file protein.txt (compact mmCIF, N, CA and C atoms)
# COMPACT_ATOMS: atom_id res chain seq x y z
N GLN A 1 46.20 6.67 -65.61
CA GLN A 1 45.67 5.34 -65.87
C GLN A 1 46.69 4.29 -65.43
N VAL A 2 46.22 3.32 -64.66
CA VAL A 2 47.09 2.27 -64.17
C VAL A 2 47.12 1.13 -65.19
N ASN A 3 48.31 0.65 -65.46
CA ASN A 3 48.47 -0.43 -66.41
C ASN A 3 49.47 -1.45 -65.88
N LEU A 4 49.11 -2.72 -65.98
CA LEU A 4 50.00 -3.81 -65.59
C LEU A 4 50.19 -4.69 -66.82
N GLN A 5 51.43 -5.02 -67.12
CA GLN A 5 51.72 -5.82 -68.30
C GLN A 5 52.64 -6.96 -67.95
N GLU A 6 52.11 -8.17 -68.09
CA GLU A 6 52.92 -9.36 -67.83
C GLU A 6 53.75 -9.72 -69.06
N SER A 7 54.85 -10.41 -68.81
CA SER A 7 55.67 -10.96 -69.88
C SER A 7 56.40 -12.19 -69.37
N GLY A 8 56.87 -13.00 -70.29
CA GLY A 8 57.67 -14.15 -69.91
C GLY A 8 56.94 -15.47 -69.90
N GLY A 9 55.68 -15.48 -70.29
CA GLY A 9 54.96 -16.74 -70.35
C GLY A 9 55.45 -17.59 -71.51
N GLY A 10 54.95 -18.80 -71.58
CA GLY A 10 55.34 -19.67 -72.68
C GLY A 10 55.05 -21.11 -72.37
N SER A 11 55.68 -22.00 -73.13
CA SER A 11 55.49 -23.43 -72.97
C SER A 11 56.78 -24.07 -72.49
N VAL A 12 56.65 -24.89 -71.47
CA VAL A 12 57.80 -25.61 -70.93
C VAL A 12 57.40 -27.05 -70.64
N GLN A 13 58.38 -27.89 -70.46
CA GLN A 13 58.13 -29.27 -70.08
C GLN A 13 58.08 -29.41 -68.56
N THR A 14 57.47 -30.46 -68.13
CA THR A 14 57.38 -30.75 -66.71
C THR A 14 58.77 -30.73 -66.08
N GLY A 15 58.86 -30.08 -64.92
CA GLY A 15 60.12 -30.03 -64.20
C GLY A 15 61.00 -28.85 -64.54
N LYS A 16 60.64 -28.13 -65.59
CA LYS A 16 61.44 -26.98 -65.99
C LYS A 16 61.03 -25.73 -65.23
N SER A 17 61.79 -24.66 -65.47
CA SER A 17 61.56 -23.39 -64.78
C SER A 17 61.13 -22.31 -65.75
N LEU A 18 60.47 -21.31 -65.18
CA LEU A 18 60.03 -20.17 -65.96
C LEU A 18 59.95 -18.97 -65.02
N ARG A 19 60.26 -17.82 -65.57
CA ARG A 19 60.15 -16.59 -64.78
C ARG A 19 59.26 -15.61 -65.53
N VAL A 20 58.23 -15.14 -64.86
CA VAL A 20 57.35 -14.14 -65.45
C VAL A 20 57.55 -12.80 -64.76
N SER A 21 57.37 -11.75 -65.53
CA SER A 21 57.57 -10.40 -65.03
C SER A 21 56.30 -9.58 -65.22
N CYS A 22 56.21 -8.51 -64.46
CA CYS A 22 55.06 -7.61 -64.57
C CYS A 22 55.55 -6.18 -64.40
N LYS A 23 55.25 -5.38 -65.38
CA LYS A 23 55.62 -3.96 -65.32
C LYS A 23 54.37 -3.15 -64.99
N VAL A 24 54.48 -2.31 -63.97
CA VAL A 24 53.35 -1.49 -63.53
C VAL A 24 53.61 -0.03 -63.91
N SER A 25 52.64 0.60 -64.46
CA SER A 25 52.75 2.03 -64.75
C SER A 25 51.50 2.74 -64.25
N GLY A 26 51.67 4.00 -63.87
CA GLY A 26 50.55 4.80 -63.41
C GLY A 26 50.21 4.63 -61.95
N PHE A 27 51.00 3.86 -61.21
CA PHE A 27 50.73 3.62 -59.78
C PHE A 27 52.04 3.28 -59.09
N ASN A 28 52.22 3.85 -57.93
CA ASN A 28 53.43 3.58 -57.15
C ASN A 28 53.20 2.35 -56.28
N ILE A 29 53.90 1.27 -56.62
CA ILE A 29 53.67 0.01 -55.90
C ILE A 29 54.48 -0.07 -54.62
N GLY A 30 55.29 0.94 -54.33
CA GLY A 30 56.21 0.86 -53.20
C GLY A 30 55.56 0.58 -51.87
N ASP A 31 54.32 1.00 -51.67
CA ASP A 31 53.64 0.81 -50.39
C ASP A 31 52.48 -0.18 -50.48
N SER A 32 52.48 -0.98 -51.52
CA SER A 32 51.32 -1.83 -51.78
C SER A 32 51.67 -3.31 -51.81
N CYS A 33 50.69 -4.11 -51.46
CA CYS A 33 50.79 -5.55 -51.68
C CYS A 33 50.72 -5.83 -53.18
N VAL A 34 51.53 -6.78 -53.62
CA VAL A 34 51.46 -7.24 -55.00
C VAL A 34 51.28 -8.75 -55.00
N GLY A 35 50.68 -9.25 -56.05
CA GLY A 35 50.42 -10.69 -56.06
C GLY A 35 50.41 -11.27 -57.46
N TRP A 36 50.52 -12.59 -57.50
CA TRP A 36 50.40 -13.36 -58.73
C TRP A 36 49.26 -14.37 -58.55
N PHE A 37 48.50 -14.49 -59.60
CA PHE A 37 47.33 -15.37 -59.58
C PHE A 37 47.32 -16.19 -60.87
N ARG A 38 46.61 -17.29 -60.85
CA ARG A 38 46.49 -18.07 -62.07
C ARG A 38 45.08 -18.60 -62.22
N ALA A 39 44.72 -18.77 -63.48
CA ALA A 39 43.43 -19.35 -63.82
C ALA A 39 43.69 -20.56 -64.69
N ALA A 40 43.52 -21.74 -64.13
CA ALA A 40 43.66 -22.98 -64.90
C ALA A 40 42.41 -23.18 -65.75
N PRO A 41 42.53 -23.92 -66.84
CA PRO A 41 41.37 -24.15 -67.70
C PRO A 41 40.19 -24.72 -66.93
N GLY A 42 39.06 -24.06 -67.01
CA GLY A 42 37.86 -24.54 -66.35
C GLY A 42 37.80 -24.30 -64.86
N LYS A 43 38.77 -23.57 -64.32
CA LYS A 43 38.80 -23.32 -62.88
C LYS A 43 38.81 -21.83 -62.59
N GLU A 44 38.43 -21.50 -61.36
CA GLU A 44 38.46 -20.09 -60.95
C GLU A 44 39.89 -19.64 -60.72
N ARG A 45 40.05 -18.34 -60.81
CA ARG A 45 41.37 -17.76 -60.55
C ARG A 45 41.74 -17.95 -59.08
N GLU A 46 42.99 -18.33 -58.85
CA GLU A 46 43.45 -18.59 -57.49
C GLU A 46 44.74 -17.83 -57.22
N GLY A 47 44.95 -17.50 -55.96
CA GLY A 47 46.17 -16.82 -55.57
C GLY A 47 47.34 -17.78 -55.54
N VAL A 48 48.46 -17.36 -56.08
CA VAL A 48 49.67 -18.17 -56.11
C VAL A 48 50.69 -17.64 -55.12
N ALA A 49 50.91 -16.32 -55.15
CA ALA A 49 51.91 -15.72 -54.27
C ALA A 49 51.58 -14.26 -54.06
N ALA A 50 51.95 -13.75 -52.90
CA ALA A 50 51.74 -12.35 -52.57
C ALA A 50 52.94 -11.84 -51.79
N LEU A 51 53.22 -10.55 -51.96
CA LEU A 51 54.41 -9.98 -51.34
C LEU A 51 54.10 -8.61 -50.78
N SER A 52 54.51 -8.40 -49.55
CA SER A 52 54.24 -7.13 -48.89
C SER A 52 55.26 -6.08 -49.30
N PRO A 53 54.95 -4.82 -49.06
CA PRO A 53 55.95 -3.77 -49.27
C PRO A 53 56.94 -3.78 -48.12
N GLY A 54 57.89 -2.91 -48.16
CA GLY A 54 58.84 -2.79 -47.06
C GLY A 54 59.73 -4.00 -46.95
N SER A 55 59.61 -4.73 -45.87
CA SER A 55 60.48 -5.87 -45.60
C SER A 55 60.21 -7.05 -46.51
N GLY A 56 59.11 -7.01 -47.24
CA GLY A 56 58.85 -8.04 -48.23
C GLY A 56 58.47 -9.38 -47.66
N VAL A 57 57.42 -9.43 -46.89
CA VAL A 57 56.91 -10.70 -46.37
C VAL A 57 56.12 -11.38 -47.46
N ALA A 58 56.50 -12.62 -47.76
CA ALA A 58 55.87 -13.36 -48.85
C ALA A 58 54.96 -14.45 -48.32
N ASP A 59 53.91 -14.72 -49.06
CA ASP A 59 53.04 -15.84 -48.76
C ASP A 59 52.75 -16.57 -50.06
N TYR A 60 52.55 -17.87 -49.96
CA TYR A 60 52.37 -18.71 -51.13
C TYR A 60 51.22 -19.69 -50.92
N ALA A 61 50.61 -20.05 -52.02
CA ALA A 61 49.68 -21.17 -51.98
C ALA A 61 50.46 -22.42 -51.62
N GLY A 62 49.82 -23.29 -50.86
CA GLY A 62 50.52 -24.47 -50.39
C GLY A 62 51.13 -25.32 -51.49
N SER A 63 50.45 -25.37 -52.64
CA SER A 63 50.91 -26.23 -53.72
C SER A 63 52.20 -25.74 -54.39
N VAL A 64 52.54 -24.47 -54.20
CA VAL A 64 53.74 -23.93 -54.86
C VAL A 64 54.85 -23.58 -53.89
N ARG A 65 54.54 -23.65 -52.62
CA ARG A 65 55.54 -23.29 -51.61
C ARG A 65 56.79 -24.14 -51.76
N GLY A 66 57.94 -23.47 -51.78
CA GLY A 66 59.20 -24.17 -51.94
C GLY A 66 59.66 -24.26 -53.39
N ARG A 67 58.76 -23.98 -54.33
CA ARG A 67 59.11 -24.03 -55.76
C ARG A 67 58.99 -22.68 -56.45
N PHE A 68 58.12 -21.81 -55.96
CA PHE A 68 57.91 -20.50 -56.56
C PHE A 68 58.47 -19.43 -55.63
N VAL A 69 58.98 -18.36 -56.23
CA VAL A 69 59.47 -17.23 -55.45
C VAL A 69 58.96 -15.94 -56.08
N ILE A 70 58.29 -15.13 -55.28
CA ILE A 70 57.81 -13.83 -55.73
C ILE A 70 58.80 -12.76 -55.28
N SER A 71 59.02 -11.78 -56.13
CA SER A 71 59.94 -10.69 -55.79
C SER A 71 59.45 -9.40 -56.46
N ARG A 72 60.08 -8.32 -56.07
CA ARG A 72 59.66 -7.01 -56.60
C ARG A 72 60.84 -6.08 -56.70
N GLU A 73 60.75 -5.14 -57.62
CA GLU A 73 61.71 -4.06 -57.73
C GLU A 73 60.90 -2.77 -57.76
N ASN A 74 60.77 -2.16 -56.60
CA ASN A 74 59.92 -0.97 -56.51
C ASN A 74 60.43 0.17 -57.39
N ALA A 75 61.75 0.33 -57.43
CA ALA A 75 62.32 1.44 -58.21
C ALA A 75 61.95 1.35 -59.68
N ASN A 76 61.80 0.12 -60.16
CA ASN A 76 61.46 -0.09 -61.56
C ASN A 76 59.99 -0.44 -61.76
N ALA A 77 59.23 -0.40 -60.66
CA ALA A 77 57.80 -0.72 -60.72
C ALA A 77 57.56 -2.08 -61.35
N MET A 78 58.31 -3.06 -60.88
CA MET A 78 58.16 -4.39 -61.45
C MET A 78 58.02 -5.45 -60.36
N MET A 79 57.39 -6.53 -60.72
CA MET A 79 57.30 -7.71 -59.86
C MET A 79 57.59 -8.93 -60.71
N PHE A 80 57.99 -10.00 -60.03
CA PHE A 80 58.43 -11.20 -60.72
C PHE A 80 57.90 -12.43 -60.00
N LEU A 81 57.81 -13.51 -60.77
CA LEU A 81 57.49 -14.80 -60.19
C LEU A 81 58.41 -15.83 -60.82
N GLN A 82 59.31 -16.36 -60.01
CA GLN A 82 60.20 -17.44 -60.45
C GLN A 82 59.54 -18.76 -60.13
N MET A 83 59.36 -19.60 -61.13
CA MET A 83 58.65 -20.86 -60.96
C MET A 83 59.57 -22.00 -61.34
N ASP A 84 59.85 -22.86 -60.40
CA ASP A 84 60.71 -24.01 -60.62
C ASP A 84 59.92 -25.30 -60.53
N ASN A 85 60.43 -26.33 -61.18
CA ASN A 85 59.82 -27.65 -61.13
C ASN A 85 58.33 -27.58 -61.46
N LEU A 86 58.03 -26.99 -62.59
CA LEU A 86 56.64 -26.80 -62.97
C LEU A 86 55.94 -28.11 -63.28
N LYS A 87 54.64 -28.13 -63.02
CA LYS A 87 53.82 -29.32 -63.20
C LYS A 87 52.73 -29.06 -64.24
N PRO A 88 52.27 -30.09 -64.92
CA PRO A 88 51.23 -29.90 -65.94
C PRO A 88 49.97 -29.24 -65.40
N GLU A 89 49.61 -29.53 -64.15
CA GLU A 89 48.39 -28.95 -63.58
C GLU A 89 48.54 -27.47 -63.30
N GLU A 90 49.75 -26.93 -63.49
CA GLU A 90 49.95 -25.51 -63.29
C GLU A 90 49.81 -24.72 -64.59
N THR A 91 49.39 -25.39 -65.62
CA THR A 91 49.05 -24.73 -66.87
C THR A 91 47.89 -23.78 -66.65
N GLY A 92 48.00 -22.59 -67.24
CA GLY A 92 46.92 -21.62 -67.12
C GLY A 92 47.39 -20.23 -67.48
N ILE A 93 46.52 -19.28 -67.24
CA ILE A 93 46.85 -17.87 -67.45
C ILE A 93 47.29 -17.28 -66.12
N TYR A 94 48.43 -16.66 -66.12
CA TYR A 94 48.99 -16.07 -64.91
C TYR A 94 48.83 -14.55 -64.97
N TYR A 95 48.32 -14.02 -63.87
CA TYR A 95 48.04 -12.60 -63.78
C TYR A 95 48.84 -11.96 -62.64
N CYS A 96 49.29 -10.75 -62.85
CA CYS A 96 49.85 -9.97 -61.75
C CYS A 96 48.78 -8.96 -61.30
N ALA A 97 48.89 -8.56 -60.05
CA ALA A 97 47.89 -7.66 -59.49
C ALA A 97 48.49 -6.82 -58.38
N VAL A 98 47.87 -5.67 -58.16
CA VAL A 98 48.29 -4.75 -57.11
C VAL A 98 47.08 -4.39 -56.26
N LYS A 99 47.28 -4.40 -54.97
CA LYS A 99 46.23 -4.03 -54.02
C LYS A 99 46.34 -2.54 -53.72
N MET A 100 45.31 -1.79 -54.01
CA MET A 100 45.37 -0.35 -53.86
C MET A 100 45.31 0.10 -52.40
N GLU A 101 44.56 -0.62 -51.57
CA GLU A 101 44.36 -0.16 -50.20
C GLU A 101 45.67 -0.19 -49.42
N GLU A 102 45.74 0.66 -48.43
CA GLU A 102 46.94 0.79 -47.62
C GLU A 102 47.31 -0.53 -46.95
N TYR A 103 48.58 -0.83 -46.96
CA TYR A 103 49.07 -2.06 -46.35
C TYR A 103 48.91 -1.99 -44.84
N GLY A 104 48.33 -3.06 -44.28
CA GLY A 104 48.07 -3.05 -42.85
C GLY A 104 49.01 -3.89 -42.02
N GLY A 105 50.05 -4.46 -42.65
CA GLY A 105 50.99 -5.27 -41.91
C GLY A 105 50.75 -6.75 -42.10
N GLY A 106 51.75 -7.55 -41.82
CA GLY A 106 51.63 -8.99 -41.92
C GLY A 106 51.65 -9.48 -43.35
N PHE A 107 51.01 -10.64 -43.57
CA PHE A 107 50.97 -11.20 -44.91
C PHE A 107 49.99 -10.43 -45.78
N CYS A 108 50.35 -10.32 -47.05
CA CYS A 108 49.41 -9.79 -48.02
C CYS A 108 48.45 -10.90 -48.42
N PRO A 109 47.23 -10.55 -48.78
CA PRO A 109 46.23 -11.58 -49.04
C PRO A 109 46.46 -12.33 -50.35
N LEU A 110 45.95 -13.54 -50.42
CA LEU A 110 45.98 -14.34 -51.64
C LEU A 110 44.60 -14.38 -52.32
N GLY A 111 43.63 -13.72 -51.73
CA GLY A 111 42.30 -13.66 -52.32
C GLY A 111 42.25 -12.64 -53.44
N SER A 112 41.79 -13.04 -54.60
CA SER A 112 41.80 -12.14 -55.76
C SER A 112 40.90 -10.93 -55.55
N HIS A 113 39.86 -11.07 -54.76
CA HIS A 113 38.93 -9.96 -54.56
C HIS A 113 39.58 -8.80 -53.82
N GLU A 114 40.73 -9.06 -53.20
CA GLU A 114 41.43 -8.02 -52.44
C GLU A 114 42.22 -7.06 -53.33
N TYR A 115 42.41 -7.44 -54.57
CA TYR A 115 43.30 -6.68 -55.44
C TYR A 115 42.53 -5.81 -56.41
N THR A 116 43.13 -4.67 -56.68
CA THR A 116 42.44 -3.62 -57.42
C THR A 116 42.81 -3.57 -58.90
N TYR A 117 44.10 -3.63 -59.15
CA TYR A 117 44.59 -3.47 -60.51
C TYR A 117 45.15 -4.80 -61.02
N TRP A 118 44.84 -5.08 -62.29
CA TRP A 118 45.19 -6.38 -62.85
C TRP A 118 45.83 -6.25 -64.23
N GLY A 119 46.74 -7.17 -64.51
CA GLY A 119 47.26 -7.28 -65.86
C GLY A 119 46.32 -8.12 -66.71
N GLN A 120 46.65 -8.23 -67.98
CA GLN A 120 45.83 -8.99 -68.93
C GLN A 120 46.10 -10.49 -68.86
N GLY A 121 47.23 -10.84 -68.26
CA GLY A 121 47.55 -12.25 -68.11
C GLY A 121 48.52 -12.74 -69.17
N THR A 122 49.26 -13.77 -68.82
CA THR A 122 50.18 -14.41 -69.75
C THR A 122 50.00 -15.92 -69.64
N GLN A 123 49.96 -16.58 -70.78
CA GLN A 123 49.70 -18.02 -70.81
C GLN A 123 50.96 -18.81 -70.49
N ILE A 124 50.80 -19.78 -69.60
CA ILE A 124 51.88 -20.72 -69.31
C ILE A 124 51.33 -22.12 -69.53
N THR A 125 52.03 -22.88 -70.33
CA THR A 125 51.64 -24.25 -70.63
C THR A 125 52.76 -25.18 -70.23
N VAL A 126 52.44 -26.13 -69.37
CA VAL A 126 53.41 -27.11 -68.91
C VAL A 126 53.01 -28.47 -69.48
N SER A 127 53.87 -29.02 -70.30
CA SER A 127 53.56 -30.29 -70.95
C SER A 127 54.30 -31.43 -70.27
N SER A 128 53.63 -32.58 -70.26
CA SER A 128 54.24 -33.74 -69.60
C SER A 128 55.13 -34.52 -70.55
call {"tool": "encode", "arguments": {"input": "protein.txt", "output": "structure tokens"}}
result
Amino acid sequence: QVNLQESGGGSVQTGKSLRVSCKVSGFNIGDSCVGWFRAAPGKEREGVAALSPGSGVADYAGSVRGRFVISRENANAMMFLQMDNLKPEETGIYYCAVKMEEYGGGFCPLGSHEYTYWGQGTQITVSS
């Protein structure tokens, strides 16, 4: 059974930083795309960042580029999202996900429908 568990969510003020983690069990993420997604209140879930296996090619949503960094530790089956200069509109539930299909090269997708395994999510609240 595959399980993803996020941690590190919480409440911060505008401009502050937060780092969320995701522990994966039951699946080897070493050859897979991994991603972070968020669901803001009243909005659909959107891709925030994705990271390829191997050389680790990262892609980001335009709104977070330059402020967020996605990373992974394959040996520990973990992924991370470092978020700097957070904004109130980035409040929401943040999810980690793993794409089961074989990596085909290039950027990993930011579309949620591409991902197979999901965590339960962790709440992040950014107050002004």
call {"tool": "residues_near_point", "arguments": {"input": "protein.txt", "point": "(59.3, -13.8, -68.1)", "cutoff": "7 Å", "atoms": "all atoms listed in the file", "output": "VMD selection string"}}
result
chain A and resid 6 to 9 18 to 21
call {"tool": "residues_around", "arguments": {"input": "protein.txt", "residues": "segment 106-119 of chain A", "least_positions_apart": "4", "cutoff": "7 Å", "atoms": "only C-alpha atoms", "output": "PyMOL selection string"}}
result
chain A and resi 3-6+33+46-52+57-59+95-100
call {"tool": "atom_distance", "arguments": {"input": "protein.txt", "atom1": "atom CA of Ile124 of chain A", "atom2": "atom CA of Ser17 of chain A"}}
result
11.0 Å
call {"tool": "residues_around", "arguments": {"input": "protein.txt", "residues": "Thr14 of chain A", "least_positions_apart": "2", "cutoff": "10 Å", "atoms": "only C-alpha atoms", "output": "list in words"}}
result
Ser11, Val12, Lys16, Ser17, Asp84, Asn85, Leu86, Lys87, Pro88, Glu89, Glu90, Thr125, Val126, Ser127 and Ser128 of chain A
call {"tool": "select_by_dssp", "arguments": {"input": "protein.txt", "residues": "chain A", "states": "strand (DSSP E or B)", "output": "number ranges by chain"}}
result
A: 3-7, 10-13, 18-25, 34-39, 46-51, 58-60, 68-73, 78-83, 92-98, 117-118, 122-127
call {"tool": "residues_around", "arguments": {"input": "protein.txt", "residues": "Ala75 of chain A", "least_positions_apart": "2", "cutoff": "10 Å", "atoms": "only C-alpha atoms", "output": "JSON list (two decimals) with N, CA and C atoms, in the coordinates of the input"}}
result
[["chain", "number", "residue", "atom", "x", "y", "z"],
["A", 28, "ASN", "N", 52.22, 3.85, -57.93],
["A", 28, "ASN", "CA", 53.43, 3.58, -57.15],
["A", 28, "ASN", "C", 53.20, 2.35, -56.28],
["A", 29, "ILE", "N", 53.90, 1.27, -56.62],
["A", 29, "ILE", "CA", 53.67, 0.01, -55.90],
["A", 29, "ILE", "C", 54.48, -0.07, -54.62],
["A", 30, "GLY", "N", 55.29, 0.94, -54.33],
["A", 30, "GLY", "CA", 56.21, 0.86, -53.20],
["A", 30, "GLY", "C", 55.56, 0.58, -51.87],
["A", 72, "ARG", "N", 60.08, -8.32, -56.07],
["A", 72, "ARG", "CA", 59.66, -7.01, -56.60],
["A", 72, "ARG", "C", 60.84, -6.08, -56.70],
["A", 73, "GLU", "N", 60.75, -5.14, -57.62],
["A", 73, "GLU", "CA", 61.71, -4.06, -57.73],
["A", 73, "GLU", "C", 60.90, -2.77, -57.76],
["A", 77, "ALA", "N", 59.23, -0.40, -60.66],
["A", 77, "ALA", "CA", 57.80, -0.72, -60.72],
["A", 77, "ALA", "C", 57.56, -2.08, -61.35],
["A", 78, "MET", "N", 58.31, -3.06, -60.88],
["A", 78, "MET", "CA", 58.16, -4.39, -61.45],
["A", 78, "MET", "C", 58.02, -5.45, -60.36]]
call {"tool": "closest_residue", "arguments": {"input": "protein.txt", "among": "A:Gly15, A:Gly10, A:Pro53, A:Trp36", "to": "Ile70 of chain A", "atoms": "only C-alpha atoms"}}
result
A:Trp36
call {"tool": "atom_distance", "arguments": {"input": "protein.txt", "atom1": "atom CA of Gly62 of chain A", "atom2": "atom CA of Pro41 of chain A"}}
result
19.6 Å
call {"tool": "closest_residue", "arguments": {"input": "protein.txt", "among": "A:Ala61, A:Met79, A:Ala39, A:Val2", "to": "Lys23 of chain A", "atoms": "all atoms listed in the file"}}
result
A:Met79
call {"tool": "atom_distance", "arguments": {"input": "protein.txt", "atom1": "atom N of Cys22 of chain A", "atom2": "atom CA of Phe37 of chain A"}}
result
12.2 Å
call {"tool": "closest_residue", "arguments": {"input": "protein.txt", "among": "A:Tyr103, A:Tyr60, A:Phe27, A:Tyr94", "to": "Ala40 of chain A", "atoms": "all atoms listed in the file"}}
result
A:Tyr94
call {"tool": "closest_residue", "arguments": {"input": "protein.txt", "among": "A:Gln82, A:Gln1, A:Gln123, A:Gln13", "to": "Arg67 of chain A", "atoms": "only N, CA and C atoms"}}
result
A:Gln82
call {"tool": "closest_residue", "arguments": {"input": "protein.txt", "among": "A:Ser25, A:Thr91, A:Ser55, A:Asn76", "to": "Lys43 of chain A", "atoms": "only C-alpha atoms"}}
result
A:Thr91
call {"tool": "decode", "arguments": {"input": "protein.txt", "residues": "segment 85-93 of chain A", "atoms": "all heavy atoms", "output": "short mmCIF file (atom, residue, chain, number, x, y, z; two decimals), in the first residue's frame"}}
result
data_model
loop_
_atom_site.label_atom_id
_atom_site.label_comp_id
_atom_site.auth_asym_id
_atom_site.auth_seq_id
_atom_site.Cartn_x
_atom_site.Cartn_y
_atom_site.Cartn_z
N ASN A 85 8.77 34.12 1.27
CA ASN A 85 7.97 35.30 0.96
C ASN A 85 6.52 34.93 0.65
O ASN A 85 5.97 35.32 -0.39
CB ASN A 85 8.59 36.06 -0.22
CG ASN A 85 8.01 37.43 -0.42
OD1 ASN A 85 7.39 38.00 0.49
ND2 ASN A 85 8.19 37.98 -1.60
N LEU A 86 5.92 34.22 1.57
CA LEU A 86 4.57 33.74 1.36
C LEU A 86 3.56 34.88 1.34
O LEU A 86 3.74 35.92 1.99
CB LEU A 86 4.19 32.74 2.45
CG LEU A 86 4.76 31.33 2.23
CD1 LEU A 86 4.81 30.55 3.52
CD2 LEU A 86 3.95 30.59 1.18
N LYS A 87 2.49 34.67 0.57
CA LYS A 87 1.45 35.68 0.38
C LYS A 87 0.11 35.14 0.89
O LYS A 87 -0.12 33.93 0.85
CB LYS A 87 1.35 36.03 -1.10
CG LYS A 87 2.66 36.49 -1.71
CD LYS A 87 2.52 36.72 -3.21
CE LYS A 87 3.85 37.17 -3.81
NZ LYS A 87 3.75 37.41 -5.25
N PRO A 88 -0.78 36.02 1.31
CA PRO A 88 -2.08 35.57 1.82
C PRO A 88 -2.86 34.72 0.82
O PRO A 88 -3.56 33.78 1.23
CB PRO A 88 -2.81 36.88 2.12
CG PRO A 88 -1.72 37.84 2.42
CD PRO A 88 -0.60 37.47 1.49
N GLU A 89 -2.74 35.02 -0.46
CA GLU A 89 -3.48 34.27 -1.47
C GLU A 89 -2.94 32.86 -1.65
O GLU A 89 -3.52 32.06 -2.40
CB GLU A 89 -3.48 35.00 -2.82
CG GLU A 89 -2.11 35.33 -3.36
CD GLU A 89 -1.64 36.73 -2.98
OE1 GLU A 89 -1.95 37.19 -1.86
OE2 GLU A 89 -0.95 37.35 -3.82
N GLU A 90 -1.83 32.55 -0.97
CA GLU A 90 -1.29 31.20 -1.06
C GLU A 90 -1.78 30.31 0.09
O GLU A 90 -1.32 29.18 0.25
CB GLU A 90 0.23 31.26 -1.11
CG GLU A 90 0.69 31.90 -2.42
CD GLU A 90 2.16 32.19 -2.52
OE1 GLU A 90 2.79 32.50 -1.48
OE2 GLU A 90 2.67 32.14 -3.66
N THR A 91 -2.70 30.83 0.84
CA THR A 91 -3.37 30.03 1.86
C THR A 91 -4.13 28.89 1.20
O THR A 91 -4.78 29.07 0.17
CB THR A 91 -4.36 30.91 2.65
OG1 THR A 91 -3.61 31.82 3.45
CG2 THR A 91 -5.25 30.07 3.54
N GLY A 92 -4.03 27.71 1.80
CA GLY A 92 -4.75 26.57 1.27
C GLY A 92 -4.21 25.26 1.80
O GLY A 92 -3.36 25.25 2.70
N ILE A 93 -4.70 24.18 1.24
CA ILE A 93 -4.20 22.86 1.60
C ILE A 93 -3.16 22.45 0.56
O ILE A 93 -3.44 22.51 -0.64
CB ILE A 93 -5.35 21.83 1.65
CG1 ILE A 93 -6.38 22.26 2.68
CG2 ILE A 93 -4.80 20.45 2.00
CD1 ILE A 93 -7.62 21.39 2.71
#
